[in-house]
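Shown next, in structure tokens, is the structure this report addresses.
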Amino acid sequence: MATTVNKDKPQLSFWQIWNMSFGFFGIQFGFELQNSNVSRIFETLGANKDEIPLLWIAAPVTGLIVQPIIGYLSDRTWHPYWGRRRPFFFIGAILAAIALFVMPNSPVLWIAGGMLWILDASINISMEPFRAFVGDKLSARQRTTGFAMQSFFIGVGSVIAALLPWIFTNWFHFSNTAPAGEIPDSVKYSFYIGGLAFLIAVIYTVFTTDEFPPESIEEFKKEAKSKGFRHGFQETFLGIFKMPKTMTQLAFVQFFTWFGLFAMWIYSTNAITSTQYNMAVDKTLVDKMEVLLQQKLQSAQLSSKETKTYRSLQADINEIREYRASENPVVISVNLANYFEANKENQLSASEIAELQRVRQQYNDGADWLNVCSSVRNGIAALFAFIIPLIAARTNRKITHMICLIIGGLGLISIKFITNLQLIVVSMGMVGIAWASILSMPYAILSGSLPANKMGYYMGVFNFFIVIPQIVAATILGFFTMKVFHANTMFTIVLGGASMILAGLLSLRVEDKD
């Protein structure tokens, strides 16, 4: 068709593939800051366990809307200087950088939730065309290498981004705690660095990489003009019913893969801090907090904000009464510790305030250590990205993907059985092997089955099966965690691991054409 890019694609050098992939360093910098810290931000601002998944739903819903639209539009865009995909890289980078500066300064929970919508939409504007970029620029023989290079930069960006809060705390002595309702400085400055890294890395790719023009500019313009927005909207959201066979098979793999990842992102902070760190207090302190809360709630002069705050705190105490009534000492939420430590009018003793300060510190130390483990996970992914093509050459791409997903699933499940928190690094390293494959193999398999003139569009539709499982997870994980697992978030992590193993087994059903 007229709208395809040139079919005779030259072999690109190592540095050309490097340049075209470098923007993913910045994109993943922002994405990792979001994934590693958003639950921490939500909990710090007062979110309960069952509220966190619903707040997270902003990210996948945004992706569901934005990704296919951006893919469709980028297929129909051409500028003599900016090309086809690069305008979207640039616009998304500017918006994401602004969002990264604003989000850690959110004063209340609903603003943080709204900023997640904006940040995720901005990341998607840049990220979606980057996936199609490899299909545009590289021949079938080089696509696995191209997606592996993207995985490398994703890994490197994620390593640094995940480590930043720990680095700011341990190297530069920024505080990793803050007064109730505020985000620690170590997290704030990590987001500021992330905004700059996102913008600079994407701009580097924009100005060092050219794009191939359509075979016929005139016919391209004519076709783009003949199909209006209504046609584009219908094609974008009905495309799920017209997918190539390979894409349909991969959809099931993606569904269970990303369900598992989302369980990890939502609940790993809570699961690890509540089981591996000392966040328990004597039950008499919980009793005292409940009495003080009831006194507050019975006041006739409460604002709507105060009422919501006290009800949220009471929900945390109700959870203790329902699921951990026989435990003493008993684990409490950072939400309770933040509020009662900061509000001196609650008339707690010095020793009780010291207990709450310990809980706050333990929570934030645990969140920082999880960031370190996430950095290791991403470092393993960056290194393993170059091993994946070698394994694929000796087996095939779907077997390679299966092996990696099973290793990752076992890594998530192993966290449940770890008694030494240092070993969480090993578990996350196993997830890193899966992450390297998740970021490359499905796209390498898929791109060989897609028409060149609809590469961006189908990549956008394919991402439905990243965001749909996340929406499902955000909808049901709160129920499973509270009602089935009795508020034990570690079992939610195990469920995520089992889902990832199932995805690996489903990989064997995929037809790989290249």
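As shown in the structure tokens, the chain order sets the letters A, B, ...; within each chain, residues go from 1, and ligands are also counted from 1 in the order they appear.
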List the spatial neighbours of Ile125 in chain A as a list in words - criterion: any atom at most 9 Å away, only C-alpha atoms, same-chain residues fewer than 3 positions off excluded. Val66, Gln67, Ile70, Gly71, Phe88, Phe89, Phe90, Ile91, Gly92, Ala93, Asp120, Ala121, Ser122, Glu128 and Pro129 of chain A
Atoms to include: C-alpha atoms. Write the selected residues as an mmCIF file, in the first residue's frame.
```cif
data_model
loop_
_atom_site.group_PDB
_atom_site.id
_atom_site.type_symbol
_atom_site.label_atom_id
_atom_site.label_comp_id
_atom_site.auth_asym_id
_atom_site.auth_seq_id
_atom_site.Cartn_x
_atom_site.Cartn_y
_atom_site.Cartn_z
ATOM 1 C CA VAL A 66 -4.185 6.867 24.819
ATOM 2 C CA GLN A 67 -2.049 4.074 23.368
ATOM 3 C CA ILE A 70 -1.443 7.650 19.516
ATOM 4 C CA GLY A 71 -0.539 4.571 17.486
ATOM 5 C CA PHE A 88 4.978 12.143 19.679
ATOM 6 C CA PHE A 89 8.253 11.318 21.454
ATOM 7 C CA PHE A 90 8.917 15.026 21.923
ATOM 8 C CA ILE A 91 5.422 16.104 23.043
ATOM 9 C CA GLY A 92 5.131 13.210 25.492
ATOM 10 C CA ALA A 93 8.549 13.977 26.984
ATOM 11 C CA ASP A 120 0.771 7.890 32.670
ATOM 12 C CA ALA A 121 -0.894 9.542 29.675
ATOM 13 C CA SER A 122 2.268 11.547 29.014
ATOM 14 C CA GLU A 128 3.720 3.791 22.231
ATOM 15 C CA PRO A 129 5.409 5.201 19.078
#
```
Using only C-alpha atoms, determine which residues lie at most 10 Å from Ile98 in chain A, disregarding the query and same-chain residues fewer than 6 positions distant; provide the list as JSON, numbers by chain. {"A": [118, 119, 122, 192, 195, 196, 199]}
Atoms kept (C-alpha atoms) for selection, written as a PDB file, in the first residue's frame:
```pdb
ATOM      1  CA  ILE A 118      -1.577  12.841  33.652  1.00  0.00           C
ATOM      2  CA  LEU A 119       1.828  11.218  34.154  1.00  0.00           C
ATOM      3  CA  SER A 122       2.268  11.547  29.014  1.00  0.00           C
ATOM      4  CA  TYR A 192      12.841  15.964  39.770  1.00  0.00           C
ATOM      5  CA  GLY A 195      11.797  14.669  34.839  1.00  0.00           C
ATOM      6  CA  LEU A 196      15.129  15.952  33.528  1.00  0.00           C
ATOM      7  CA  LEU A 199      13.295  14.993  28.637  1.00  0.00           C
TER       8      LEU A 199
END
```
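Using only C-alpha atoms, the nearest neighbour of Val206 in chain A within the list A:Met490, A:Met20, A:Ile433, A:Ala337 is A:Met20.
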Env of Glu511 in chain A: 12 Å cut, atoms = only C-alpha atoms, seq-sep filter 3 positions within chain, self excluded. Answer as number ranges by chain. A: 244-250, 396-399, 442, 445-446, 448-449, 506-508, 514
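Distance annotation: of A:Ile418, A:Ile41, A:Val376, A:Leu164, the residue with the minimal separation from Ile111 in chain A is A:Ile41; atom set is only C-alpha atoms.
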For Ser447 in chain A, which residue among A:Phe485, A:Phe168, A:Phe152, A:Phe147 is the nearest when counting only C-alpha atoms? A:Phe147
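CA of Gln362 in chain A is found 6.5 Å from CA of Met279 in chain A.
One finds CA of Ala280 in chain A at 11.3 Å from CA of Arg324 in chain A.
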Residues near Trp265 in chain A, anyone? I mean within 8 Å using only C-alpha atoms, not counting same-chain ones fewer than 2 positions away, as number ranges by chain. A: 35-36, 39, 261-263, 267-269
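The shortest atom-to-atom distance to Val494 in chain A, with only C-alpha atoms taken into account, belongs to A:Gly260 out of A:Ser333, A:Phe464, A:Gly260, A:Cys404.
Of the residues listed (A:Gly409, A:Gly83, A:Gly26, A:Gly46), A:Gly83 shows the shortest atom-to-atom separation from Phe207 in chain A; distances use only C-alpha atoms.
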Can you work out the spacing between CA of Pro60 in chain A and CA of Asn124 in chain A in Å, to one decimal? 10.2 Å
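Taking only C-alpha atoms into account, Thr169 in chain A lies nearest to A:Ala367 out of the set A:Met428, A:Ala367, A:Leu285, A:Leu405.
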Based on DSSP run over this structure's backbone, return all residues of range 31-225 of chain A in helix (DSSP H, G or I), as a ChimeraX atom specification. /A:31-44,52-56,58-75,86-105,109-137,140-170,185-208,217-225
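Near Leu502 in chain A, within 8 Å and counting only C-alpha atoms, sit Phe256, Ile406, Ala498, Ser499, Leu505 and Leu506 of chain A; same-chain residues fewer than 3 positions away were not included.
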Can you spit out the residues from that selection as a short mmCIF file (atom, residue, chain, number, x, y, z; two decimals), in the first residue's frame, using N, CA, C and O atoms?
```
data_model
loop_
_atom_site.label_atom_id
_atom_site.label_comp_id
_atom_site.auth_asym_id
_atom_site.auth_seq_id
_atom_site.Cartn_x
_atom_site.Cartn_y
_atom_site.Cartn_z
N PHE A 256 -2.00 -12.49 31.45
CA PHE A 256 -1.57 -13.07 32.72
C PHE A 256 -0.21 -12.54 33.16
O PHE A 256 0.08 -12.49 34.36
N ILE A 406 8.50 -18.13 33.59
CA ILE A 406 8.43 -19.09 34.68
C ILE A 406 9.44 -18.73 35.77
O ILE A 406 9.14 -18.77 36.98
N ALA A 498 1.95 -16.82 40.38
CA ALA A 498 1.24 -17.92 39.72
C ALA A 498 0.71 -17.48 38.36
O ALA A 498 0.76 -18.24 37.38
N SER A 499 0.21 -16.25 38.28
CA SER A 499 -0.30 -15.72 37.02
C SER A 499 0.82 -15.63 35.97
O SER A 499 0.61 -15.96 34.79
N LEU A 505 3.51 -20.68 30.31
CA LEU A 505 3.02 -21.91 29.68
C LEU A 505 2.19 -21.60 28.43
O LEU A 505 2.27 -22.33 27.43
N LEU A 506 1.42 -20.51 28.46
CA LEU A 506 0.61 -20.13 27.30
C LEU A 506 1.47 -19.67 26.13
O LEU A 506 0.99 -19.66 24.99
#
```
Give me, as number ranges by chain, the residues of range 263-408 of chain A that a backbone DSSP run labels strand (DSSP E or B). A: 280-281, 330-331
Write out as number ranges by chain the residues lying within 7 Å of range 467-482 of chain A, counting only C-alpha atoms and excluding same-chain residues fewer than 6 positions away. A: 50, 53-54, 56-57, 60-61, 63-64, 255, 258-259, 262-263, 488-489, 492
